[in-house]
Amino acid sequence: MKEGPDIARVAALIGDPARANMLTALMVGKALTATELAAEAGVTSQTASTHLAKLDGGNLLRVRKQGRHKYFSLATDDVAAVLEGLMGLAAKSGHLRTRTGPRDASLRKARVCYNHLAGDMGIRMFDSFHGRGFLVLEREALRLTSEGAEFVAGFGIDLDKLAAQKSPLCKECLDWSARRSHLAGSLGRALLSRIEALGWAKRDPDSRAVIFTQRGEAAFARQLAVATV
């Protein structure tokens, strides 16, 4: 294609295994140092710096300096959505990593996708919100209804504060493990933060998994993932 967006350049930036590992590590939504990303990619610090410079030059990263360190995070929600979509395509096509174990089941059940809840539990929450009329799709855009606004406010989320942010309130994100949607956007992030604040779940420090307590999972089912016909 001679005109239009240069998808080949973006694909090349993401497609390098070391850079793909770095970007995947940043899907937790935290900013990481070059040293931490080098460890995730399994490369030297010098090689990591070269890769990070390329990703930054391609506008896939946000770089912040604090003291002697630089911290790297994904540039936008759109970058995270593309990565999640590629994970789904890879899984559906049979291109899976060889490492397996208990963590894989945990990731499928509940995990962080750029600071919102993904996995089976994220899908259940999205389906429940849609079925209860809290979320509606209009011209392929996701909108929170007045009923939905009343519910999430009652759940302890400040919608006025979210509305003041630059990022969209509600976005669909395609889940790589099930090829179905979960909720992204500032509301998706706020819901995960509220779940953690209530003590229902916490993030696994060694992976992207979100681990629910027995009490938290029961409360989640009663309030956020109510089955609808």
# chains A, B, ... in the order shown; residues from 1 in each chain; ligands from 1
>>> closest_atom_pairs(of="segment 171-194 of chain A", to="segment 153-160 of chain A", cutoff="10 Å", atoms="only C-alpha atoms", output="Markdown table")
| residue | atom | partner | partner_atom | distance |
| --- | --- | --- | --- | --- |
| A:Ser186 | CA | A:Leu159 | CA | 9.5 |
| A:Leu187 | CA | A:Leu159 | CA | 8.2 |
| A:Ala190 | CA | A:Ile157 | CA | 6.9 |
| A:Leu191 | CA | A:Ile157 | CA | 7.5 |
| A:Ser193 | CA | A:Ile157 | CA | 9.5 |
| A:Arg194 | CA | A:Gly156 | CA | 7.4 |
>>> residues_around(residues="Ala81 of chain A", least_positions_apart="5", cutoff="10 Å", atoms="only C-alpha atoms", output="PyMOL selection string")
chain A and resi 27+76+86-87+113-114+171-175+184
>>> residues_around(residues="segment 211-215 of chain A", least_positions_apart="4", cutoff="8 Å", atoms="only C-alpha atoms", output="list of chain:residue names")
A:Ser106, A:Ala110, A:Trp200, A:Ala201, A:Lys202, A:Arg203, A:Asp204, A:Ala219
>>> residues_around(residues="Glu84 of chain A", least_positions_apart="5", cutoff="12 Å", atoms="only C-alpha atoms", output="VMD selection string")
chain A and resid 20 23 to 24 26 to 28 77 to 79 89 to 91 111 to 114 118 to 119 172 to 182 184
>>> write_last_selection(atoms="N, CA, C and O atoms", output="compact mmCIF listing (two decimals), in the first residue's frame")
# COMPACT_ATOMS: atom_id res chain seq x y z
N ALA A 20 8.60 -7.37 21.76
CA ALA A 20 7.28 -7.91 22.08
C ALA A 20 7.20 -8.27 23.57
O ALA A 20 6.18 -8.01 24.23
N LEU A 23 6.87 -4.96 25.55
CA LEU A 23 5.53 -4.40 25.45
C LEU A 23 4.52 -5.20 26.25
O LEU A 23 3.63 -4.65 26.91
N THR A 24 4.65 -6.52 26.21
CA THR A 24 3.75 -7.38 26.97
C THR A 24 3.90 -7.13 28.46
O THR A 24 2.91 -7.09 29.20
N LEU A 26 4.60 -4.39 29.86
CA LEU A 26 3.98 -3.11 30.17
C LEU A 26 2.45 -3.17 30.15
O LEU A 26 1.79 -2.20 30.50
N MET A 27 1.89 -4.32 29.76
CA MET A 27 0.44 -4.47 29.76
C MET A 27 -0.15 -4.47 31.17
O MET A 27 -1.36 -4.35 31.34
N VAL A 28 0.71 -4.59 32.20
CA VAL A 28 0.19 -4.50 33.57
C VAL A 28 -0.22 -3.09 33.90
O VAL A 28 -0.88 -2.84 34.92
N ASP A 77 -3.99 3.81 25.36
CA ASP A 77 -4.85 2.64 25.41
C ASP A 77 -4.89 1.90 24.08
O ASP A 77 -5.06 0.68 24.03
N ASP A 78 -4.75 2.65 22.99
CA ASP A 78 -4.80 2.03 21.66
C ASP A 78 -3.66 1.03 21.47
O ASP A 78 -3.84 -0.02 20.83
N VAL A 79 -2.49 1.35 22.01
CA VAL A 79 -1.35 0.41 21.92
C VAL A 79 -1.69 -0.87 22.66
O VAL A 79 -1.46 -1.98 22.17
N LEU A 89 -5.13 -13.18 18.29
CA LEU A 89 -4.86 -13.76 16.98
C LEU A 89 -3.82 -14.87 17.09
O LEU A 89 -3.97 -15.94 16.48
N ALA A 90 -2.78 -14.63 17.88
CA ALA A 90 -1.74 -15.65 18.04
C ALA A 90 -2.30 -16.92 18.70
O ALA A 90 -2.01 -18.04 18.29
N ALA A 91 -3.12 -16.71 19.75
CA ALA A 91 -3.71 -17.86 20.43
C ALA A 91 -4.64 -18.64 19.52
O ALA A 91 -4.61 -19.88 19.47
N ARG A 111 -7.04 -11.37 34.79
CA ARG A 111 -5.71 -10.77 34.63
C ARG A 111 -5.86 -9.28 34.36
O ARG A 111 -6.94 -8.79 34.04
N VAL A 112 -4.74 -8.60 34.47
CA VAL A 112 -4.69 -7.18 34.17
C VAL A 112 -4.42 -6.98 32.68
O VAL A 112 -3.53 -7.62 32.12
N CYS A 113 -5.20 -6.13 32.06
CA CYS A 113 -4.93 -5.70 30.68
C CYS A 113 -4.86 -4.19 30.72
O CYS A 113 -5.89 -3.50 30.66
N TYR A 114 -3.66 -3.65 30.87
CA TYR A 114 -3.45 -2.21 30.94
C TYR A 114 -4.35 -1.57 32.00
O TYR A 114 -5.06 -0.61 31.76
N ALA A 118 -9.36 -8.23 32.73
CA ALA A 118 -9.56 -9.09 31.56
C ALA A 118 -9.69 -10.53 32.02
O ALA A 118 -9.72 -10.83 33.22
N GLY A 119 -9.78 -11.44 31.07
CA GLY A 119 -9.98 -12.85 31.39
C GLY A 119 -11.45 -13.17 31.57
O GLY A 119 -12.33 -12.35 31.32
N GLU A 172 -14.57 -1.04 24.42
CA GLU A 172 -14.49 -2.49 24.32
C GLU A 172 -13.05 -2.90 24.07
O GLU A 172 -12.33 -2.24 23.32
N CYS A 173 -12.63 -3.97 24.70
CA CYS A 173 -11.31 -4.53 24.44
C CYS A 173 -11.50 -6.02 24.19
O CYS A 173 -12.16 -6.71 24.97
N LEU A 174 -10.98 -6.52 23.08
CA LEU A 174 -11.16 -7.92 22.72
C LEU A 174 -10.21 -8.79 23.52
O LEU A 174 -8.99 -8.60 23.49
N ASP A 175 -10.76 -9.72 24.26
CA ASP A 175 -9.98 -10.58 25.14
C ASP A 175 -9.29 -11.68 24.35
O ASP A 175 -9.93 -12.43 23.63
N TRP A 176 -7.96 -11.79 24.50
CA TRP A 176 -7.22 -12.77 23.70
C TRP A 176 -7.56 -14.20 24.08
O TRP A 176 -7.49 -15.10 23.24
N SER A 177 -7.92 -14.46 25.34
CA SER A 177 -8.13 -15.84 25.77
C SER A 177 -9.47 -16.40 25.35
O SER A 177 -9.64 -17.61 25.27
N ALA A 178 -10.45 -15.54 25.06
CA ALA A 178 -11.78 -16.03 24.72
C ALA A 178 -12.36 -15.38 23.47
O ALA A 178 -13.44 -15.77 23.03
N ARG A 179 -11.66 -14.41 22.91
CA ARG A 179 -12.13 -13.70 21.72
C ARG A 179 -13.49 -13.05 21.95
O ARG A 179 -14.33 -12.98 21.06
N ARG A 180 -13.71 -12.57 23.16
CA ARG A 180 -14.91 -11.83 23.51
C ARG A 180 -14.50 -10.56 24.24
O ARG A 180 -13.35 -10.40 24.65
N SER A 181 -15.45 -9.64 24.41
CA SER A 181 -15.10 -8.31 24.91
C SER A 181 -15.07 -8.25 26.43
O SER A 181 -15.82 -8.92 27.13
N HIS A 182 -14.15 -7.40 26.92
CA HIS A 182 -14.19 -6.95 28.31
C HIS A 182 -14.13 -5.42 28.30
O HIS A 182 -13.93 -4.81 27.26
N ALA A 184 -12.77 -1.75 28.89
CA ALA A 184 -11.58 -0.93 29.04
C ALA A 184 -12.01 0.52 29.27
O ALA A 184 -13.16 0.79 29.62
>>> select_by_dssp(residues="segment 51-206 of chain A", states="strand (DSSP E or B)", output="PyMOL selection string")
chain A and resi 61-66+69-74+111-113+116-118+135-138+141-144+171-174+181-184+201-203
>>> select_by_dssp(residues="chain A", states="helix (DSSP H, G or I)", output="JSON, numbers by chain")
{"A": [7, 8, 9, 10, 11, 12, 13, 14, 15, 17, 18, 19, 20, 21, 22, 23, 24, 25, 26, 27, 28, 34, 35, 36, 37, 38, 39, 40, 41, 45, 46, 47, 48, 49, 50, 51, 52, 53, 54, 55, 56, 57, 77, 78, 79, 80, 81, 82, 83, 84, 85, 86, 87, 88, 89, 90, 91, 92, 102, 103, 104, 105, 106, 107, 108, 109, 119, 120, 121, 122, 123, 124, 125, 126, 127, 128, 129, 130, 131, 146, 147, 148, 149, 150, 151, 152, 153, 154, 159, 160, 161, 162, 163, 185, 186, 187, 188, 189, 190, 191, 192, 193, 194, 195, 196, 197, 214, 215, 216, 217, 218, 219, 220, 221, 222, 223]}
>>> residues_around(residues="Gly131 of chain A", least_positions_apart="4", cutoff="9 Å", atoms="only C-alpha atoms", output="list in words")
Phe126, Asp127, Leu135, Ala227, Thr228 and Val229 of chain A
>>> residues_around(residues="segment 222-225 of chain A", least_positions_apart="6", cutoff="6 Å", atoms="only C-alpha atoms", output="PyMOL selection string")
chain A and resi 124-125+128
>>> write_last_selection(atoms="all heavy atoms", output="short mmCIF file (atom, residue, chain, number, x, y, z; two decimals), in the first residue's frame")
data_model
loop_
_atom_site.label_atom_id
_atom_site.label_comp_id
_atom_site.auth_asym_id
_atom_site.auth_seq_id
_atom_site.Cartn_x
_atom_site.Cartn_y
_atom_site.Cartn_z
N ARG A 124 -17.28 -11.79 32.05
CA ARG A 124 -18.54 -11.94 32.78
C ARG A 124 -19.08 -10.58 33.23
O ARG A 124 -20.28 -10.32 33.13
CB ARG A 124 -18.33 -12.84 34.00
CG ARG A 124 -18.21 -14.32 33.68
CD ARG A 124 -17.78 -15.11 34.91
NE ARG A 124 -18.67 -14.87 36.04
CZ ARG A 124 -18.35 -15.15 37.30
NH1 ARG A 124 -17.16 -15.65 37.59
NH2 ARG A 124 -19.22 -14.92 38.27
N MET A 125 -18.21 -9.72 33.69
CA MET A 125 -18.65 -8.38 34.12
C MET A 125 -19.18 -7.59 32.92
O MET A 125 -20.23 -6.94 33.02
CB MET A 125 -17.50 -7.64 34.79
CG MET A 125 -17.90 -6.27 35.32
SD MET A 125 -16.61 -5.46 36.31
CE MET A 125 -15.39 -5.10 35.04
N SER A 128 -22.55 -8.94 31.89
CA SER A 128 -23.57 -8.57 32.87
C SER A 128 -23.98 -7.11 32.71
O SER A 128 -25.18 -6.79 32.70
CB SER A 128 -23.04 -8.81 34.28
OG SER A 128 -23.97 -8.39 35.25
#
>>> residues_around(residues="segment 7-15 of chain A", least_positions_apart="4", cutoff="12 Å", atoms="only C-alpha atoms", output="number ranges by chain")
A: 1-3, 19-24, 50-61, 79-80, 82-83, 86-87, 90
